[in-house]
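Scroll down for the structure; my scribbles are underneath it.
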Amino acid sequence: MSDAVLTLSNVESAYGPIKAIRGVSLRVREGEIATVLGSNGAGKTTILKTISGIIDPRRGSIVFRGTDITAWDPARIVQLGLVHVPEGREVFPLLSVRDNLIMGAYTRRDRDGVARDLEAVYGYFPILRERAAQEAGLLSGGQQQMLAISRAIMAAPKLILLDEPSLGLSPKLTKEIFEIVVRINRERGTTMLLVEQNANMALNAADYGYVLENGRIVMEDTCAALREKEDIKEFYLGMKESGARGERRWKKKKTWR
């Protein structure tokens, strides 16, 4: 992957004495959507927080577009074009929808480009245009997620880190959000690293995937290949084998886990 826009090499991060990720290495290529799958508590969110500078790694390196950004201040990382959409959305609740979007562009000086991107996000999410003057805190959860993604786009990012975009959303809204995420990637060429518990949605949206267990990457492949792996079908897609063969596999894997 010589065209990697982001490279993590043996990264370890911890919360006090508790190691959250252990020797994580991964790459995200220019123009692709990569995803990290894993159960709750596996360390997925910690990976994104470490990349974006919220958490300093204990060891390892993070290289973004040829620059080592390990333990950089988050503001410097944003200025390089790496933007984090955190779990739980975290919009500015007392600011209007439009002001939230303009806040996303605070590092930019190209006013014409900002205006074009504002129109673009209104095209992706028309409800945001309708609610432009409304306080962001009064939006529904799904609308706040749309706003959080749109605010990231307003920064004209080279890479977006998306943390659990389906969290708390209905299946219908989740499908809608993922369709727009893929559209943004295809139309704008925006590279994305997606962390998601909804493995089915993530594998269908992304190009390449990593499986994280107990803070370690235990599997990686194209998403098309991962969807066909029996372990993924069984533990992440809920497609267990039937009969004695499936029972043997379950017992073996349960012991291994």
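By convention here, the chains of the structure tokens are called A, B, ... in the order presented, each chain's residues are numbered starting at 1, and ligands are numbered starting at 1 in the order presented.
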
Test item: residues at most 9 Å from Gly60 (chain A), only C-alpha atoms, excluding those fewer than 4 positions along its chain, as a ChimeraX atom specification: /A:8-12,23-25,70

Contact residues around Leu167 (chain A) with only C-alpha atoms at 12 Å, ignoring same-chain residues under 4 positions, as an NGL selection string: :A and (40 or 86-89 or 141-142 or 144-145 or 162-163 or 171 or 173-174 or 177 or 195-198)

Straight-line distance linking CA of Phe178 (chain A) with CA of Ala136 (chain A), stated in Å to one decimal: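 Rounded to one decimal, the two atoms are 21.2 Å apart.
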
Close residues, Leu128 (chain A) itself excluded, 10 Å, only C-alpha atoms, min 2 positions apart in chain, as a PyMOL selection string: chain A and resi 97-98+101+121-126+130-134+136+139+143-144+146-147+150

12 Å contact set for Tyr208 (chain A), only C-alpha atoms, chain neighbours under 4 positions out, as a PyMOL selection string: chain A and resi 1+26-37+191-194+202-204+219-227

Residue nearest Ile217 (chain A) among A:Ala42, A:Val91, A:Ile69, A:Leu6 (counting only C-alpha atoms): A:Ala42

Å distance separating CA of Gly215 (chain A) from CA of Arg22 (chain A), one decimal place: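 For CA of Gly215 (chain A) relative to CA of Arg22 (chain A), the distance reads 5.2 Å.
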
Close residues, Ala115 (chain A) itself excluded, 12 Å, only C-alpha atoms, min 3 positions apart in chain, as JSON, numbers by chain: {"A": [98, 101, 102, 105, 108, 109, 110, 111, 112, 118, 119, 120, 121, 122, 154, 155, 156]}

Selected residue of minimal separation from Tyr236 (chain A) among A:Asn214, A:Met201, A:Arg58, A:Glu164, counting only C-alpha atoms: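 The answer is A:Met201, which sits nearest to Tyr236 (chain A).
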